[in-house]
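Novice: Quick one: structure below, then a few questions.
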Amino acid sequence: MTSDLIQAALYVGLLVAAAIPLGLYMARVFTGDMTFLAPVERAILAPAGVRAGEGQHWTRYALSLIAFNAAGFLVLFLILRFQHLLPLNPQGFDGVPAHLAFNTAISFVTNTNWQSYGGETTLSHLSQMAGLTTQNFVSAASGMAVAVAVARGLSGRQVRTIGNFWSDMVRAVLYVLLPISIVLAVVLIAQGTPQTLAASATATTVEGAQQTLALGPVASQVAIKQLGTNGGGFFNVNSAHPFENPTAISNLLSVLAILVIPVAFCFTYGRMVGDRRQGVALFAAMGIMFVTAFAAVYAAERLGNPLHAAFADPAAGNMEGKEVRFGVVNSALWAVVTTAASNGSVNAMHDSLTPLGGLVAMLNMQLGEIIYGGVGVGLTGMLLFVILTVFLAGLMVGRTPEYLGKKIEAREVKLAALTLMVMPIGVLSFAALAIVAGAAQSSVQDAGPHGLSELLYAYSSATGNNGSAFAGFNANVAWHNTFLGAAMMLGRFGYIIPILAIAGSLAAKKTAPPSAGTFPTHGPVFVVLLVVTVLIVGALTFLPVLALGPIAEHVSMIAGRTF
Amino acid sequence: MLSLIRPAVVLTLTFTLLTGLAYPLAMTGLAQGVMPRQANGSLILRDGKVVGSELIGQAFASQRYFHGRPSATSTADPADPSKTVDAPYNAAASSGSNLGSSSSALADAIRERAAALGTGPAPADLVTASASGLDPHLSPAAALVQAERVAAARNKPVERVRDLVQRHVEGRSFGVIGEPRVNVLALNLALDAEMP
């Protein structure tokens, strides 16, 4: 227990210590103060016909992102479909079936990294590298670009443009993602993560059986999958696999890499809008929810499962689907970090979490991935709630709401309210459709309320662009590959386009100096209001269905009932 | 329109070359040059033959060995490839059980595994399936509880076997991170070497 708390505290300390300098560095990168890679930047942008520094209107910025994602989707889809004709396929895997290639391509382009496929049994080394690793970088860079564009919009003084998408995206890769990935990959290799182009190794075990050990260019992909909040693993079980995550040290570095950029963005944002306290307020609001979520999952997993108490020593907590080297605390911490951050990599099987542990993981996603969230998009998702909060506060005190000196008017509030429909449509409507069509019943593994949880988790993960799974759910069928693919697109563009529209609209507005009647958006009152707004929206939307899934399962577990 | 398509296509191809090929290939070159043992799966050789990986657990059934955790991995059924059959510690297809907390299949499995070990609650990791199906470790308690059986099968004093387990306990990294554990393959190899 004491050692558990020390490990959790150490994590938080290291995370904040790394995120603050990184956040300030990123602010300098995206405002153009960092120029040591300028020649490389120019060399990359020139053949693309982009003039660095050419500002784009928000519509142009959004269209650039969509065009880039469309091209990425097409290239990835083709690599997957035709991997059997391409080099670096030592296991001789076949081309990926169309619906699975569609799902996987959308999944990686939208930064979701949902794994309908089992990596080591489906994908060639080339697909993993040129296909998935590439999208791990650029989908993360796209999200980061959106965040800095929004920060520019909110701090712009009557301007028409919010930056240049191509330039922002290239800078995100060159100055942030690639250098840190290289360092992380080297450390992972030193810890034991394989990095080879060879085929699987074969061992003759101590008892004389043949054991095939799947290998590949693992470390280079694992590094960026954590850092870019992508989460798609080289192996089926992701970072629970001893090759992806061999030691407690690799585990700590991985789980730090997942959250460091999302946390850093709070500080980048504060610097870019010229008021450090605005970033700190968002950091604090997210932190309150993060620590609460961790405490809940940790307690649930540590208390374990009373149904098994007579047979499995309850002092060790719930160890089903967990690895000994991580234990309960590191598994609970990872489960919260990965669902808070829309990363979706796992170091324990979430399907085997206790009902309440699974509930919190699911709720983290259903809130819209705003507890630090995905790189860049987590911050912008939270800013949508900020707009709703200042609107609600404005209603209470009877003044026109303002944020950062900009009047928040009907257009902004409508756009922000529109995004509140994304999660309910992607999760509740799509799940209901799957049940009516019978596709849910044939894919769930567990009977009883847990079956519903498996279905809900899948659609929450896809719409939240998370990518983790209750993996007993068989998603690799045409129905779910298609609808989960649609949910991922809805969850990505359903947030990005409205927030860019808001940024564009606010950029054009005058900035008024704060007056005595201005509702401050940096103090504890605002932080609490923001958290309450997020939780009320989430609870109103999802409490009924959570009562039928994880809460019902918890109650029956306590009552000694199995299914 | 072309002004959107051109950068989209050119930059997708540029980054495929830079981050999809150059970066992983450079990492592979570096890893193979500087850390070839780790880069190739931390394989263990015994008498010149690959006997496993120090990071990947393997199935032990004999009474003479310590047994790892239950593994939920499977493989394609040789009789019908559309179905799967149990194949513990299949390192070509990692998987957990994914059974939920209220699953009767899980409750039955845990009860049966505990019953096979004796009365009373067993160390939790010894009766629950790992996340990967390839967990190379046991908790020290889960290893020690097997010492008597292994000692009897090998006709050795149980104290010596317990002592061997104790010497194989790996502590937390820097005394803080992770959990105490025993690498089952390393332990069994030491067992063969010291108490054949």
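As shown in the structure tokens, the chain order sets the letters A, B, ...; within each chain, residues go from 1, and ligands are also counted from 1 in the order they appear.
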Contacts of A:Pro242 at 7 Å or less, counting only C-alpha atoms, minus same-chain residues fewer than 4 places along, as a PyMOL selection string?

Specialist: (chain A and resi 246) or (chain B and resi 55-56+135)

Novice: Set the distance at 9 Å and use only C-alpha atoms: which residues neighbour A:Gly451 once local chain neighbours fewer than 5 positions away are removed? I'd like the list as a list of chain:residue names.

Specialist: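 Here the answer would be A:Ala440, A:Gln441, A:Val444, A:Gln445, A:Asp446, A:Leu456, A:Phe473, A:Gly549, B:Gly100.
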
Novice: Run DSSP on the backbone and give me the residues of stretch 242-406 of chain A it puts in alpha helix (DSSP H), as a ChimeraX atom specification.

Specialist: /A:248-272,276-303,327-340,355-366,377-397

Novice: Between stretch 2-113 of chain B and stretch 298-315 of chain A, at 8 Å or less, what are the per-residue closest atom pairs and their distances in Å? Count only C-alpha atoms, order by chain and rising residue number, and return it as CSV.

Specialist:
```
residue,atom,partner,partner_atom,distance
B:Ser101,CA,A:Asn305,CA,6.8
B:Ser102,CA,A:Leu307,CA,7.9
B:Ala107,CA,A:His308,CA,6.5
B:Ile110,CA,A:Phe311,CA,6.7
B:Arg111,CA,A:Phe311,CA,5.8
```

Novice: Just write the chosen residues, N, CA and C atoms, as a PDB file, in the first residue's frame.

Specialist:
```pdb
ATOM      1  N   SER B 101     -15.339  -9.673 -14.394  1.00  0.00           N
ATOM      2  CA  SER B 101     -15.349 -10.008 -12.970  1.00  0.00           C
ATOM      3  C   SER B 101     -16.495 -10.929 -12.574  1.00  0.00           C
ATOM      4  N   SER B 102     -17.626 -10.834 -13.273  1.00  0.00           N
ATOM      5  CA  SER B 102     -18.772 -11.647 -12.872  1.00  0.00           C
ATOM      6  C   SER B 102     -18.912 -12.898 -13.736  1.00  0.00           C
ATOM      7  N   ALA B 107     -14.745 -17.671 -12.511  1.00  0.00           N
ATOM      8  CA  ALA B 107     -14.860 -18.154 -11.132  1.00  0.00           C
ATOM      9  C   ALA B 107     -14.533 -19.645 -11.061  1.00  0.00           C
ATOM     10  N   ILE B 110     -10.697 -20.250 -11.553  1.00  0.00           N
ATOM     11  CA  ILE B 110      -9.891 -19.890 -10.376  1.00  0.00           C
ATOM     12  C   ILE B 110     -10.095 -20.912  -9.267  1.00  0.00           C
ATOM     13  N   ARG B 111     -11.337 -21.356  -9.086  1.00  0.00           N
ATOM     14  CA  ARG B 111     -11.612 -22.345  -8.037  1.00  0.00           C
ATOM     15  C   ARG B 111     -10.855 -23.644  -8.324  1.00  0.00           C
TER      16      ARG B 111
END
```

Novice: At a cut-off of 6 Å, list the chain A residues touching chain B, using only C-alpha atoms, as JSON, numbers by chain.

Specialist: {"A": [48, 64, 67, 68, 71, 129, 130, 133, 134, 192, 194, 195, 196, 203, 204, 205, 212, 213, 214, 220, 236, 237, 240, 241, 242, 248, 310, 311, 312, 313, 319, 320, 321, 322, 323, 325, 326, 348, 349, 351, 352, 354, 472, 557, 562, 563]}

Novice: Between atom CA of B:Val165 and atom CA of B:Glu148, what distance in Å does the model show, to one decimal?

Specialist: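 Rounded to one decimal, the two atoms are 11.6 Å apart.
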
Novice: Within stretch 246-426 of chain A, find each residue whose DSSP state, derived from the backbone, is strand (DSSP E), and express the selection as a list of chain:residue names.

Specialist: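 So the strand (DSSP E) residues in stretch 246-426 of chain A would be A:Glu402, A:Tyr403, A:Lys406, A:Lys407.
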
Novice: Would you put the residues from that selection into a file with N, CA and C atoms, as an mmCIF file, in the first residue's frame?

Specialist:
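Dumped everything to part-v9.cif:
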```cif
data_model
loop_
_atom_site.group_PDB
_atom_site.id
_atom_site.type_symbol
_atom_site.label_atom_id
_atom_site.label_comp_id
_atom_site.auth_asym_id
_atom_site.auth_seq_id
_atom_site.Cartn_x
_atom_site.Cartn_y
_atom_site.Cartn_z
ATOM 1 N N GLU A 402 -17.600 36.171 -21.522
ATOM 2 C CA GLU A 402 -16.336 36.516 -22.173
ATOM 3 C C GLU A 402 -15.311 35.467 -21.841
ATOM 4 N N TYR A 403 -14.381 35.241 -22.762
ATOM 5 C CA TYR A 403 -13.229 34.386 -22.453
ATOM 6 C C TYR A 403 -12.012 35.025 -23.083
ATOM 7 N N LYS A 406 -12.603 38.030 -25.139
ATOM 8 C CA LYS A 406 -13.439 37.913 -26.336
ATOM 9 C C LYS A 406 -14.877 37.637 -25.919
ATOM 10 N N LYS A 407 -15.817 38.318 -26.560
ATOM 11 C CA LYS A 407 -17.226 38.035 -26.281
ATOM 12 C C LYS A 407 -17.593 36.669 -26.852
#
```

Novice: Skip stretch 145-158 of chain A itself and residues of its chain fewer than 3 positions away, then list as a ChimeraX atom specification all residues within 7 Å of it, counting only C-alpha atoms.

Specialist: /A:30,141-142,162-163,165,168-169,269,272-273,376-377,379-380,500,503-504,506-511

Novice: Counting only C-alpha atoms, what is within 9 Å of B:Arg162, bar same-chain residues fewer than 6 positions away, as a VMD selection string?

Specialist: chain B and resid 143 to 144 147 to 148 151

Novice: Please produce a file of the residues just selected, as a short mmCIF file (atom, residue, chain, number, x, y, z; two decimals), in the first residue's frame, where the atoms kept are N, CA and C atoms.

Specialist:
```cif
data_model
loop_
_atom_site.label_atom_id
_atom_site.label_comp_id
_atom_site.auth_asym_id
_atom_site.auth_seq_id
_atom_site.Cartn_x
_atom_site.Cartn_y
_atom_site.Cartn_z
N ALA B 143 6.00 -18.52 -6.11
CA ALA B 143 7.10 -19.45 -6.37
C ALA B 143 7.35 -20.31 -5.14
N LEU B 144 7.38 -19.69 -3.96
CA LEU B 144 7.70 -20.42 -2.73
C LEU B 144 6.67 -21.52 -2.44
N ALA B 147 7.69 -24.78 -3.82
CA ALA B 147 9.02 -25.30 -3.51
C ALA B 147 8.98 -26.75 -3.02
N GLU B 148 8.00 -27.04 -2.18
CA GLU B 148 7.93 -28.38 -1.61
C GLU B 148 7.72 -29.43 -2.70
N ALA B 151 10.92 -29.81 -4.76
CA ALA B 151 11.95 -30.49 -3.98
C ALA B 151 11.67 -31.99 -3.92
#
```

Novice: One decimal, Å: what's the distance from atom CA of A:Phe385 over to atom CA of A:Arg271, could you say?

Specialist: 20.1 Å
